[in-house]
>>> print(open('my_file35.cif').read())   # mmCIF, C-alpha atoms and all ligand atoms
data_run
#
loop_
_atom_site.label_atom_id
_atom_site.label_comp_id
_atom_site.auth_asym_id
_atom_site.auth_seq_id
_atom_site.Cartn_x
_atom_site.Cartn_y
_atom_site.Cartn_z
CA MET A 191 21.03 -0.68 -49.51
CA ALA A 192 17.40 -0.45 -48.44
CA THR A 193 15.86 -3.69 -47.23
CA THR A 194 12.22 -4.77 -47.27
CA HIS A 195 11.12 -6.47 -44.03
CA LYS A 196 7.94 -8.54 -44.30
CA THR A 197 5.80 -9.78 -41.45
CA ARG A 198 2.26 -10.84 -40.66
CA MET A 199 2.12 -8.21 -37.91
CA LEU A 200 3.90 -4.89 -38.09
CA ILE A 201 4.00 -2.83 -34.89
CA ILE A 202 5.10 0.80 -34.76
CA GLY A 203 6.26 1.76 -31.26
CA SER A 204 8.04 -0.10 -28.46
CA GLY A 205 6.34 1.18 -25.28
CA PRO A 206 4.07 -0.99 -23.12
CA ALA A 207 1.34 -1.01 -25.82
CA GLY A 208 3.60 -2.08 -28.71
CA LEU A 209 5.52 -4.65 -26.68
CA THR A 210 2.37 -6.21 -25.22
CA ALA A 211 0.88 -6.44 -28.71
CA ALA A 212 4.15 -8.10 -29.75
CA ILE A 213 4.06 -10.65 -26.90
CA TYR A 214 0.50 -11.69 -27.78
CA GLY A 215 1.16 -11.51 -31.52
CA ALA A 216 4.27 -13.67 -31.30
CA ARG A 217 2.51 -16.24 -29.18
CA ALA A 218 -0.28 -16.33 -31.80
CA GLY A 219 2.30 -17.13 -34.50
CA MET A 220 2.23 -13.75 -36.26
CA GLU A 221 6.04 -13.30 -36.02
CA PRO A 222 5.78 -9.58 -35.27
CA ILE A 223 8.27 -6.90 -36.15
CA VAL A 224 8.43 -3.93 -33.77
CA VAL A 225 9.88 -0.71 -35.18
CA GLN A 226 11.12 0.98 -32.03
CA GLY A 227 11.36 4.67 -32.90
CA LEU A 228 13.45 7.31 -31.19
CA GLN A 229 12.49 6.19 -27.68
CA PRO A 230 12.99 2.42 -27.43
CA GLY A 231 10.88 1.24 -24.49
CA GLY A 232 8.70 4.37 -24.60
CA GLN A 233 7.94 6.93 -21.92
CA LEU A 234 8.61 4.72 -18.90
CA THR A 235 12.30 4.80 -19.81
CA ILE A 236 12.45 8.44 -18.74
CA THR A 237 11.05 7.86 -15.27
CA THR A 238 12.46 6.23 -12.19
CA ASP A 239 10.09 4.75 -9.60
CA VAL A 240 7.02 2.86 -10.81
CA GLU A 241 4.75 1.68 -8.03
CA ASN A 242 1.48 0.97 -9.81
CA TYR A 243 2.33 -1.65 -12.44
CA PRO A 244 0.70 -4.87 -11.18
CA GLY A 245 2.84 -7.81 -10.17
CA PHE A 246 5.56 -6.07 -8.19
CA ARG A 247 5.26 -5.57 -4.46
CA ASP A 248 8.30 -3.29 -4.29
CA VAL A 249 8.90 -0.12 -6.27
CA ILE A 250 10.45 -0.94 -9.64
CA GLN A 251 12.35 1.24 -12.10
CA GLY A 252 10.69 2.29 -15.38
CA PRO A 253 13.70 1.47 -17.61
CA TRP A 254 14.08 -1.96 -15.98
CA LEU A 255 10.38 -2.76 -16.55
CA MET A 256 10.69 -1.89 -20.23
CA GLN A 257 13.87 -3.97 -20.64
CA GLU A 258 12.02 -6.93 -19.15
CA MET A 259 9.02 -6.35 -21.43
CA GLN A 260 11.29 -6.22 -24.48
CA ALA A 261 13.17 -9.34 -23.38
CA GLN A 262 9.84 -11.16 -22.98
CA ALA A 263 8.69 -10.03 -26.43
CA GLU A 264 11.96 -11.21 -28.01
CA HIS A 265 11.91 -14.45 -26.07
CA VAL A 266 8.58 -15.42 -27.65
CA GLY A 267 9.76 -14.53 -31.16
CA THR A 268 9.45 -10.77 -31.79
CA ARG A 269 11.99 -9.05 -34.03
CA MET A 270 12.93 -5.61 -32.69
CA LEU A 271 14.23 -3.21 -35.34
CA TRP A 272 15.71 0.18 -34.70
CA ASP A 273 14.19 2.67 -37.10
CA THR A 274 11.70 5.52 -37.12
CA ILE A 275 8.75 5.40 -39.47
CA THR A 276 8.41 8.50 -41.63
CA GLU A 277 5.62 7.43 -43.96
CA VAL A 278 2.77 4.93 -43.99
CA GLN A 279 0.83 3.61 -46.97
CA PHE A 280 -2.59 2.13 -46.30
CA ASP A 281 -3.82 1.87 -49.90
CA GLY A 282 -3.82 -1.88 -50.47
CA TRP A 283 -2.31 -4.97 -48.85
CA PRO A 284 0.15 -5.49 -47.34
CA PHE A 285 0.29 -2.21 -45.41
CA ARG A 286 3.61 -0.45 -45.91
CA ALA A 287 5.70 1.76 -43.67
CA ILE A 288 8.87 3.53 -44.73
CA GLY A 289 11.66 4.02 -42.22
CA ASP A 290 14.06 6.89 -41.74
CA SER A 291 16.79 4.43 -42.77
CA GLY A 292 15.12 3.95 -46.16
CA ASP A 293 14.05 0.41 -45.23
CA VAL A 294 10.51 -0.66 -46.07
CA TYR A 295 8.29 -2.60 -43.64
CA GLU A 296 5.34 -4.62 -44.89
CA GLY A 297 2.67 -6.08 -42.60
CA ASP A 298 -0.58 -7.92 -43.24
CA VAL A 299 -1.84 -6.08 -40.17
CA LEU A 300 -0.52 -2.87 -38.69
CA VAL A 301 -0.56 -1.97 -34.99
CA ILE A 302 0.06 1.69 -34.18
CA ALA A 303 1.48 2.22 -30.68
CA THR A 304 3.33 5.51 -31.05
CA GLY A 305 2.21 7.03 -27.72
CA ALA A 306 1.56 10.60 -26.63
CA GLN A 307 4.31 12.71 -25.13
CA ALA A 308 3.56 15.01 -22.23
CA ARG A 309 4.04 18.68 -23.12
CA TRP A 310 6.69 20.36 -21.00
CA LEU A 311 7.23 24.03 -20.26
CA GLY A 312 10.80 24.01 -21.59
CA VAL A 313 12.17 26.15 -18.73
CA PRO A 314 15.52 25.69 -16.92
CA GLY A 315 15.60 22.95 -14.29
CA GLU A 316 12.58 21.11 -15.69
CA GLN A 317 14.32 18.16 -17.34
CA GLU A 318 17.10 18.06 -14.70
CA MET A 319 14.47 17.74 -11.93
CA SER A 320 12.25 15.33 -13.82
CA GLY A 321 11.77 12.38 -11.46
CA LYS A 322 13.34 14.44 -8.66
CA GLY A 323 10.29 16.54 -7.87
CA VAL A 324 9.04 17.50 -11.34
CA SER A 325 6.46 15.22 -12.95
CA ALA A 326 3.85 15.28 -15.70
CA CYS A 327 1.58 12.62 -14.22
CA ALA A 328 -0.28 12.92 -10.91
CA THR A 329 -1.75 9.41 -11.18
CA CYS A 330 1.78 8.04 -11.54
CA ASP A 331 3.63 10.10 -8.95
CA GLY A 332 1.04 11.69 -6.61
CA PHE A 333 1.39 8.85 -4.12
CA PHE A 334 5.02 9.89 -3.48
CA TYR A 335 3.81 13.24 -2.07
CA ARG A 336 1.73 12.04 0.88
CA GLY A 337 1.43 14.85 3.42
CA LYS A 338 3.57 17.20 1.31
CA LYS A 339 3.02 20.44 -0.56
CA VAL A 340 2.78 20.32 -4.35
CA VAL A 341 2.13 22.78 -7.17
CA VAL A 342 0.30 22.08 -10.43
CA ILE A 343 1.00 24.18 -13.51
CA GLY A 344 -1.78 24.69 -16.08
CA GLY A 345 -5.32 25.96 -16.48
CA GLY A 346 -7.27 23.39 -18.49
CA ASN A 347 -9.21 20.28 -17.52
CA THR A 348 -6.03 18.22 -17.13
CA ALA A 349 -4.51 20.66 -14.65
CA VAL A 350 -7.66 20.90 -12.55
CA GLU A 351 -8.16 17.13 -12.57
CA GLU A 352 -4.52 16.60 -11.57
CA ALA A 353 -4.86 19.18 -8.76
CA LEU A 354 -8.03 17.54 -7.45
CA TYR A 355 -6.44 14.09 -7.65
CA LEU A 356 -3.43 15.33 -5.69
CA THR A 357 -5.64 16.49 -2.82
CA ASN A 358 -5.98 12.76 -2.01
CA HIS A 359 -2.31 12.69 -1.03
CA ALA A 360 -0.79 16.14 -0.57
CA SER A 361 -1.34 18.42 2.42
CA GLU A 362 -1.49 21.49 0.17
CA VAL A 363 -2.01 21.95 -3.57
CA VAL A 364 -1.22 25.23 -5.32
CA LEU A 365 -2.44 25.68 -8.87
CA ILE A 366 -0.25 28.05 -10.90
CA HIS A 367 -1.81 29.59 -13.99
CA ARG A 368 -0.50 32.27 -16.30
CA ARG A 369 -3.90 33.88 -16.87
CA ASP A 370 -6.60 35.25 -14.56
CA SER A 371 -9.17 32.56 -15.33
CA LEU A 372 -9.18 28.82 -16.03
CA ARG A 373 -10.15 27.07 -19.26
CA ALA A 374 -11.36 23.99 -17.37
CA GLU A 375 -15.04 23.02 -17.33
CA LYS A 376 -17.13 24.94 -14.80
CA ILE A 377 -18.03 21.87 -12.73
CA LEU A 378 -14.32 21.08 -12.28
CA GLN A 379 -13.57 24.69 -11.36
CA ASP A 380 -16.36 24.64 -8.77
CA ARG A 381 -14.89 21.51 -7.17
CA LEU A 382 -11.41 23.02 -7.25
CA PHE A 383 -12.34 26.36 -5.68
CA ALA A 384 -14.41 24.61 -2.98
CA HIS A 385 -11.54 22.35 -1.90
CA PRO A 386 -9.93 23.44 1.38
CA LYS A 387 -6.47 22.15 0.39
CA VAL A 388 -6.33 24.11 -2.90
CA SER A 389 -5.21 27.67 -3.61
CA VAL A 390 -4.54 29.34 -6.96
CA LEU A 391 -1.73 31.67 -8.02
CA TRP A 392 -3.12 33.73 -10.91
CA ASN A 393 -1.12 35.43 -13.67
CA LYS A 394 2.08 33.57 -12.86
CA ALA A 395 4.40 31.88 -15.35
CA VAL A 396 7.13 29.45 -14.30
CA GLU A 397 10.64 30.68 -15.07
CA ARG A 398 12.72 27.99 -13.41
CA PHE A 399 12.59 24.86 -11.25
CA ALA A 400 15.32 25.08 -8.61
CA GLY A 401 16.82 22.97 -5.84
CA GLU A 402 20.03 21.34 -4.63
CA THR A 403 19.55 17.61 -5.21
CA GLY A 404 15.82 17.74 -5.86
CA LEU A 405 13.09 20.33 -6.37
CA GLN A 406 12.78 22.95 -3.62
CA THR A 407 11.37 26.07 -5.24
CA VAL A 408 9.54 27.15 -8.36
CA GLU A 409 10.56 30.59 -9.59
CA LEU A 410 7.73 32.66 -11.05
CA VAL A 411 7.16 35.86 -12.95
CA ASP A 412 3.90 37.79 -12.87
CA THR A 413 2.54 37.88 -16.44
CA VAL A 414 0.92 41.31 -15.83
CA THR A 415 3.39 43.23 -13.64
CA GLY A 416 6.62 41.34 -14.41
CA GLU A 417 7.26 40.99 -10.69
CA LYS A 418 9.39 37.96 -9.71
CA SER A 419 8.49 35.61 -6.85
CA GLN A 420 9.04 32.05 -5.78
CA VAL A 421 7.05 29.31 -4.15
CA ALA A 422 8.59 26.60 -1.99
CA THR A 423 7.32 23.10 -2.82
CA ASP A 424 8.09 19.40 -2.56
CA GLY A 425 6.73 18.54 -5.99
CA ALA A 426 5.60 20.20 -9.22
CA PHE A 427 3.20 18.70 -11.74
CA VAL A 428 3.29 20.13 -15.24
CA ALA A 429 -0.23 19.66 -16.62
CA ILE A 430 -0.38 21.51 -19.92
CA GLY A 431 -1.50 18.62 -22.08
CA HIS A 432 -0.10 15.85 -24.25
CA ALA A 433 0.93 15.61 -27.89
CA PRO A 434 -0.03 12.28 -29.51
CA ALA A 435 2.56 11.07 -32.05
CA THR A 436 0.17 11.05 -34.99
CA ASP A 437 1.68 13.41 -37.59
CA LEU A 438 2.36 10.34 -39.72
CA PHE A 439 -1.31 9.48 -39.88
CA LYS A 440 -2.81 12.87 -40.70
CA GLY A 441 -5.08 12.54 -43.70
CA LYS A 442 -4.81 8.73 -43.56
CA LEU A 443 -6.68 7.93 -40.35
CA GLU A 444 -9.36 9.85 -38.49
CA LEU A 445 -7.89 11.90 -35.63
CA ASP A 446 -9.88 13.72 -32.96
CA ALA A 447 -9.60 17.44 -32.25
CA SER A 448 -6.56 16.86 -30.00
CA GLY A 449 -4.83 14.62 -32.56
CA TYR A 450 -5.54 11.21 -30.99
CA ILE A 451 -6.40 8.32 -33.31
CA VAL A 452 -10.13 7.62 -33.37
CA VAL A 453 -11.02 3.97 -32.77
CA GLU A 454 -14.30 2.10 -32.61
CA ALA A 455 -15.49 2.59 -29.02
CA GLY A 456 -14.13 -0.04 -26.64
CA THR A 457 -11.85 -1.58 -29.27
CA PRO A 458 -8.46 -0.80 -30.88
CA ARG A 459 -10.00 -0.92 -34.41
CA THR A 460 -9.52 2.05 -36.70
CA ALA A 461 -11.75 2.69 -39.70
CA ILE A 462 -9.28 0.77 -41.90
CA PRO A 463 -9.74 -3.01 -41.53
CA GLY A 464 -6.44 -4.50 -40.37
CA VAL A 465 -5.07 -1.26 -38.88
CA PHE A 466 -5.25 -1.08 -35.08
CA ALA A 467 -4.24 1.59 -32.59
CA CYS A 468 -3.42 0.99 -28.94
CA GLY A 469 -1.96 2.74 -25.92
CA ASP A 470 -1.69 6.46 -25.31
CA VAL A 471 -1.97 7.30 -29.02
CA MET A 472 -5.70 6.46 -28.89
CA ASP A 473 -6.38 7.12 -25.20
CA HIS A 474 -6.57 10.67 -23.89
CA THR A 475 -8.26 9.62 -20.68
CA TYR A 476 -6.23 7.00 -18.81
CA ARG A 477 -2.67 7.13 -20.24
CA GLN A 478 -1.11 4.55 -17.95
CA ALA A 479 1.37 1.77 -18.65
CA VAL A 480 -1.13 -0.88 -17.62
CA THR A 481 -3.93 0.53 -19.81
CA ALA A 482 -1.47 0.82 -22.72
CA ALA A 483 -0.50 -2.82 -22.18
CA GLY A 484 -4.19 -3.77 -21.98
CA THR A 485 -5.11 -2.16 -25.28
CA GLY A 486 -1.92 -3.62 -26.82
CA CYS A 487 -3.22 -7.05 -25.89
CA MET A 488 -6.62 -6.20 -27.41
CA ALA A 489 -4.96 -5.04 -30.65
CA ALA A 490 -3.06 -8.32 -31.00
CA LEU A 491 -6.16 -10.43 -30.30
CA ASP A 492 -8.19 -8.45 -32.84
CA ALA A 493 -5.33 -8.64 -35.36
CA GLU A 494 -5.14 -12.41 -35.03
CA ARG A 495 -8.91 -12.76 -35.54
CA PHE A 496 -8.80 -10.41 -38.50
CA LEU A 497 -6.07 -12.46 -40.23
CA ALA A 498 -7.74 -15.78 -39.43
CA GLU A 499 -10.99 -14.57 -41.04
CA ARG A 500 -9.15 -13.16 -44.04
CA ASP A 501 -7.17 -16.38 -44.54
CA PHE A 502 -10.36 -18.46 -44.24
CA GLU A 503 -12.13 -16.35 -46.88
CA ALA A 504 -9.07 -16.54 -49.17
CA ALA A 505 -8.88 -20.34 -48.79
CA LYS A 506 -12.56 -20.63 -49.84
CA GLY A 507 -11.54 -18.84 -53.03
C1 LIG B 1 7.74 10.79 -16.51
C2 LIG B 1 6.64 9.76 -16.67
C3 LIG B 1 6.34 8.91 -15.63
C4 LIG B 1 5.33 7.97 -15.77
N1 LIG B 1 5.07 7.12 -14.74
C5 LIG B 1 4.12 6.16 -14.87
C6 LIG B 1 3.85 5.24 -13.83
O1 LIG B 1 4.45 5.31 -12.74
N2 LIG B 1 2.89 4.30 -14.05
C7 LIG B 1 2.18 4.22 -15.21
O2 LIG B 1 1.35 3.33 -15.35
N3 LIG B 1 2.41 5.10 -16.22
C8 LIG B 1 3.35 6.06 -16.08
N4 LIG B 1 3.57 6.96 -17.08
C9 LIG B 1 2.72 6.89 -18.29
C10 LIG B 1 3.21 5.74 -19.18
O3 LIG B 1 4.58 5.87 -19.39
C11 LIG B 1 2.47 5.77 -20.51
O4 LIG B 1 1.08 5.71 -20.27
C12 LIG B 1 2.86 4.57 -21.37
O5 LIG B 1 4.25 4.54 -21.58
C13 LIG B 1 2.15 4.61 -22.72
O6 LIG B 1 2.60 3.52 -23.46
P1 LIG B 1 2.51 3.48 -25.05
O7 LIG B 1 3.11 2.18 -25.44
O8 LIG B 1 1.16 3.81 -25.50
O9 LIG B 1 3.42 4.71 -25.55
P2 LIG B 1 4.90 5.17 -25.20
O10 LIG B 1 5.41 4.57 -23.96
O11 LIG B 1 4.87 6.65 -25.33
O12 LIG B 1 5.74 4.58 -26.42
C14 LIG B 1 5.64 5.11 -27.71
C15 LIG B 1 6.62 4.40 -28.61
O13 LIG B 1 6.38 4.77 -29.95
C16 LIG B 1 7.62 4.99 -30.59
N5 LIG B 1 7.38 5.86 -31.75
C17 LIG B 1 6.81 7.09 -31.79
N6 LIG B 1 6.79 7.55 -33.05
C18 LIG B 1 7.36 6.59 -33.82
C19 LIG B 1 7.66 6.47 -35.22
N7 LIG B 1 7.37 7.46 -36.09
N8 LIG B 1 8.28 5.35 -35.67
C20 LIG B 1 8.57 4.34 -34.79
N9 LIG B 1 8.31 4.39 -33.48
C21 LIG B 1 7.72 5.51 -33.00
C22 LIG B 1 8.50 5.58 -29.50
O14 LIG B 1 9.87 5.46 -29.84
C23 LIG B 1 8.09 4.71 -28.32
O15 LIG B 1 8.83 3.52 -28.33
C24 LIG B 1 4.58 7.91 -16.97
C25 LIG B 1 4.87 8.77 -18.03
C26 LIG B 1 5.89 9.70 -17.88
C27 LIG B 1 6.21 10.62 -19.03
#
>>> encode(input="my_file35.cif", output="structure tokens", more="lines below")
Ligand SMILES: Cc1cc2nc3c(=O)[nH]c(=O)nc-3n(C[C@H](O)[C@H](O)[C@H](O)COP(=O)(O)OP(=O)(O)OC[C@H]3O[C@@H](n4cnc5c(N)ncnc54)[C@H](O)[C@@H]3O)c2cc1C
Amino acid sequence: MATTHKTRMLIIGSGPAGLTAAIYGARAGMEPIVVQGLQPGGQLTITTDVENYPGFRDVIQGPWLMQEMQAQAEHVGTRMLWDTITEVQFDGWPFRAIGDSGDVYEGDVLVIATGAQARWLGVPGEQEMSGKGVSACATCDGFFYRGKKVVVIGGGNTAVEEALYLTNHASEVVLIHRRDSLRAEKILQDRLFAHPKVSVLWNKAVERFAGETGLQTVELVDTVTGEKSQVATDGAFVAIGHAPATDLFKGKLELDASGYIVVEAGTPRTAIPGVFACGDVMDHTYRQAVTAAGTGCMAALDAERFLAERDFEAAKG
């Protein structure tokens, strides 16, 4: 039988943003509920080494970090529920969310922390080699390729920015693009083409990532001639964009052209009072665990202030 779960603070998503919002929300007495979704712990659960989350001198493991974050959230009073939200209703208070299970979740405030998944090519070897040479985040993993050769796949701003970032670490960066020109902004292209470490393979599509225990070669096909080739590499960065998990909110919240939730600049506030968005779902620029956690904190602080003001006004009558 369907159950209705009520809370002061309803959080959708259990990555660094949702769990940090929960830690702050619980400590502010809002007794949060976190609906975890299909990926409890979020994107860091699918990676291995994390070397840039503050507080840890040694390399830590993504899944371990997220277990600790969840344990901390539960320790201070968060209820974690395993469900996926399929519908949200913002017309009136409390806000309502309907789960795949049929359960209903009601919150006086709603924090959206559903993240943005990296787009993958979907070719053989990609998922098997993820974390073993194949990555979708140069900021996260570039440091592991000091003095090595890497390839970047893509042709937009993200790919060019990732390639330029990787020149800080790698000895050689090869950009692989399936067309004969880039979509990236001209200024980025100028910087890319001028860089002595960078070369471009035009009209090449990736067919397979291959290697024994980790990535060794990327197998390519020429998109014009059909000719097959391969490039030896230590690492490959897939940079073909991200897909924010915002289908639920279409027509209910303002989304930008790429589907990210629009918030008031510098805050997690959406246009609906009491509905906040934090983490990668509202951030197409930084997309890091620590920035997700930071905006999760901001969402909880704003949520607490919002409820305190509302309660004060209600008490005045
Ligand atoms: C392979 C990889 C390696 C990375 N390495 C690093 C690194 O080393 N350092 C770093 O700082 N960052 C790294 N990142 C980026 C980092 O993981 C993200 O920036 C961060 O996880 C974003 O946190 P988030 O909470 O906004 O979203 P996510 O972590 O994406 O979490 C989203 C959550 O929302 C839930 N959800 C989605 N839809 C629904 C729904 N309908 N109902 C309920 N729940 C839902 C999901 O189940 C998930 O729990 C890496 C990312 C990847 C993919």
>>> closest_atom_pairs(input="my_file35.cif", of="chain A", to="ligand LIG 1 (chain B)", cutoff="7 Å", atoms="all atoms listed in the file", output="CSV")
residue,atom,partner,partner_atom,distance
A:Ile202,CA,B:LIG1,C20,5.0
A:Gly203,CA,B:LIG1,O13,3.3
A:Ser204,CA,B:LIG1,O15,3.7
A:Gly205,CA,B:LIG1,O7,3.4
A:Pro206,CA,B:LIG1,O7,4.0
A:Ala207,CA,B:LIG1,O7,3.7
A:Gly208,CA,B:LIG1,O7,5.4
A:Val225,CA,B:LIG1,C20,5.2
A:Gln226,CA,B:LIG1,N9,4.7
A:Gly227,CA,B:LIG1,N9,3.1
A:Leu228,CA,B:LIG1,O14,4.2
A:Gln229,CA,B:LIG1,O14,3.5
A:Pro230,CA,B:LIG1,O15,4.4
A:Gly231,CA,B:LIG1,O15,4.9
A:Gly232,CA,B:LIG1,O10,3.4
A:Gln233,CA,B:LIG1,O10,4.0
A:Leu234,CA,B:LIG1,O3,4.2
A:Ile236,CA,B:LIG1,C1,5.7
A:Thr237,CA,B:LIG1,C1,4.6
A:Asp239,CA,B:LIG1,O1,6.5
A:Val240,CA,B:LIG1,O1,4.0
A:Glu241,CA,B:LIG1,O1,6.0
A:Asn242,CA,B:LIG1,N2,5.6
A:Tyr243,CA,B:LIG1,O2,5.9
A:Asp273,CA,B:LIG1,C20,6.3
A:Thr274,CA,B:LIG1,N8,3.7
A:Ile275,CA,B:LIG1,N8,3.8
A:Thr276,CA,B:LIG1,N7,5.7
A:Ala303,CA,B:LIG1,O8,5.4
A:Thr304,CA,B:LIG1,O13,3.3
A:Gly305,CA,B:LIG1,O9,3.4
A:Ala306,CA,B:LIG1,O11,5.3
A:Gln307,CA,B:LIG1,O11,6.1
A:Ala308,CA,B:LIG1,C27,6.0
A:Ser320,CA,B:LIG1,C1,6.9
A:Gly321,CA,B:LIG1,C1,6.7
A:Ser325,CA,B:LIG1,C1,5.8
A:Ala326,CA,B:LIG1,C1,6.0
A:Cys327,CA,B:LIG1,C4,6.2
A:Cys330,CA,B:LIG1,O1,4.0
A:Asp331,CA,B:LIG1,O1,6.2
A:Ala435,CA,B:LIG1,N6,5.6
A:Leu438,CA,B:LIG1,N7,6.8
A:Cys468,CA,B:LIG1,O8,6.4
A:Gly469,CA,B:LIG1,O8,3.3
A:Asp470,CA,B:LIG1,O8,3.9
A:Val471,CA,B:LIG1,O8,5.9
A:Arg477,CA,B:LIG1,O4,4.0
A:Gln478,CA,B:LIG1,O4,3.4
A:Ala479,CA,B:LIG1,O2,3.7
A:Val480,CA,B:LIG1,O2,5.4
A:Ala482,CA,B:LIG1,O8,4.9
A:Ala483,CA,B:LIG1,O7,7.0
>>> atom_distance(input="my_file35.cif", atom1="CA of Gly297 in chain A", atom2="CA of Thr194 in chain A")
10.7 Å
>>> closest_residue(input="my_file35.cif", among="A:Val428, A:Val340, A:Val313, A:Lys418", to="Val388 in chain A", atoms="all atoms listed in the file")
A:Val340
>>> residues_around(input="my_file35.cif", residues="Pro458 in chain A", least_positions_apart="4", cutoff="10 Å", atoms="all atoms listed in the file", output="short mmCIF file (atom, residue, chain, number, x, y, z; two decimals) with C-alpha atoms, keeping the file's coordinate frame")
data_model
loop_
_atom_site.label_atom_id
_atom_site.label_comp_id
_atom_site.auth_asym_id
_atom_site.auth_seq_id
_atom_site.Cartn_x
_atom_site.Cartn_y
_atom_site.Cartn_z
CA VAL A 301 -0.56 -1.97 -34.99
CA ILE A 302 0.06 1.69 -34.18
CA ILE A 451 -6.40 8.32 -33.31
CA VAL A 452 -10.13 7.62 -33.37
CA VAL A 453 -11.02 3.97 -32.77
CA GLU A 454 -14.30 2.10 -32.61
CA VAL A 465 -5.07 -1.26 -38.88
CA PHE A 466 -5.25 -1.08 -35.08
CA ALA A 467 -4.24 1.59 -32.59
CA CYS A 468 -3.42 0.99 -28.94
CA GLY A 469 -1.96 2.74 -25.92
CA MET A 472 -5.70 6.46 -28.89
CA ASP A 473 -6.38 7.12 -25.20
CA THR A 485 -5.11 -2.16 -25.28
CA GLY A 486 -1.92 -3.62 -26.82
CA CYS A 487 -3.22 -7.05 -25.89
CA MET A 488 -6.62 -6.20 -27.41
CA ALA A 489 -4.96 -5.04 -30.65
CA ALA A 490 -3.06 -8.32 -31.00
CA LEU A 491 -6.16 -10.43 -30.30
CA ASP A 492 -8.19 -8.45 -32.84
CA ALA A 493 -5.33 -8.64 -35.36
#
>>> atom_distance(input="my_file35.cif", atom1="CA of His385 in chain A", atom2="CA of His367 in chain A")
17.1 Å
>>> atom_distance(input="my_file35.cif", atom1="CA of Ala353 in chain A", atom2="CA of Arg247 in chain A")
27.1 Å
>>> closest_residue(input="my_file35.cif", among="A:Arg309, A:Thr329, A:Gly219, A:Ala263", to="Pro434 in chain A", atoms="all atoms listed in the file")
A:Arg309
>>> residues_around(input="my_file35.cif", residues="Gln406 in chain A", least_positions_apart="3", cutoff="8 Å", atoms="all atoms listed in the file", output="list in words")
Phe399, Ala400, Gly401, Glu402, Ala422, Thr423, Asp424 and Gly425 of chain A
>>> closest_residue(input="my_file35.cif", among="A:Leu382, A:Ile250, A:Leu300, A:Leu405", to="Ile223 in chain A", atoms="only C-alpha atoms")
A:Leu300
>>> closest_residue(input="my_file35.cif", among="A:Thr457, A:Thr415, A:Thr348, A:Thr193", to="Ser291 in chain A", atoms="only C-alpha atoms")
A:Thr193
>>> residues_around(input="my_file35.cif", residues="Val396 in chain A", least_positions_apart="4", cutoff="9 Å", atoms="all atoms listed in the file", output="MDAnalysis selection string")
chainID A and resid 311 313 343 366:368 408:411
>>> residues_near_point(input="my_file35.cif", point="(-2.4, 11.8, -41.5)", cutoff="12 Å", atoms="only C-alpha atoms", output="list in words")
Thr276, Glu277, Val278, Gln279, Phe280, Ala435, Thr436, Asp437, Leu438, Phe439, Lys440, Gly441, Lys442, Leu443, Glu444, Leu445, Asp446, Gly449, Tyr450, Ile451 and Val452 of chain A
>>> closest_residue(input="my_file35.cif", among="A:Ala211, A:Ala216, A:Leu200, A:Val390", to="Ile288 in chain A", atoms="only C-alpha atoms")
A:Leu200
>>> decode(input="my_file35.cif", residues="range 391-421 of chain A", atoms="C-alpha atoms", output="PDB file, in the first residue's frame")
ATOM      1  CA  LEU A 391      42.736  13.919 -35.593  1.00  0.00           C
ATOM      2  CA  TRP A 392      39.926  15.081 -37.895  1.00  0.00           C
ATOM      3  CA  ASN A 393      37.045  12.964 -39.223  1.00  0.00           C
ATOM      4  CA  LYS A 394      37.663  10.120 -36.806  1.00  0.00           C
ATOM      5  CA  ALA A 395      35.045   8.301 -34.748  1.00  0.00           C
ATOM      6  CA  VAL A 396      35.926   6.008 -31.852  1.00  0.00           C
ATOM      7  CA  GLU A 397      34.941   2.385 -32.421  1.00  0.00           C
ATOM      8  CA  ARG A 398      36.484   0.735 -29.379  1.00  0.00           C
ATOM      9  CA  PHE A 399      38.654   1.305 -26.308  1.00  0.00           C
ATOM     10  CA  ALA A 400      41.119  -1.572 -26.006  1.00  0.00           C
ATOM     11  CA  GLY A 401      43.792  -2.826 -23.633  1.00  0.00           C
ATOM     12  CA  GLU A 402      44.811  -5.749 -21.432  1.00  0.00           C
ATOM     13  CA  THR A 403      44.274  -4.562 -17.850  1.00  0.00           C
ATOM     14  CA  GLY A 404      43.847  -0.881 -18.668  1.00  0.00           C
ATOM     15  CA  LEU A 405      43.499   1.345 -21.719  1.00  0.00           C
ATOM     16  CA  GLN A 406      46.259   1.009 -24.324  1.00  0.00           C
ATOM     17  CA  THR A 407      44.722   1.916 -27.668  1.00  0.00           C
ATOM     18  CA  VAL A 408      41.713   3.703 -29.093  1.00  0.00           C
ATOM     19  CA  GLU A 409      40.420   2.143 -32.298  1.00  0.00           C
ATOM     20  CA  LEU A 410      39.131   4.636 -34.861  1.00  0.00           C
ATOM     21  CA  VAL A 411      37.256   4.726 -38.129  1.00  0.00           C
ATOM     22  CA  ASP A 412      37.532   7.563 -40.624  1.00  0.00           C
ATOM     23  CA  THR A 413      34.053   9.098 -40.995  1.00  0.00           C
ATOM     24  CA  VAL A 414      34.757  10.018 -44.659  1.00  0.00           C
ATOM     25  CA  THR A 415      36.783   7.112 -46.071  1.00  0.00           C
ATOM     26  CA  GLY A 416      35.821   4.339 -43.627  1.00  0.00           C
ATOM     27  CA  GLU A 417      39.502   3.546 -43.131  1.00  0.00           C
ATOM     28  CA  LYS A 418      40.357   1.957 -39.761  1.00  0.00           C
ATOM     29  CA  SER A 419      43.266   3.096 -37.590  1.00  0.00           C
ATOM     30  CA  GLN A 420      44.308   3.145 -33.976  1.00  0.00           C
ATOM     31  CA  VAL A 421      46.065   5.498 -31.635  1.00  0.00           C
TER      32      VAL A 421
END
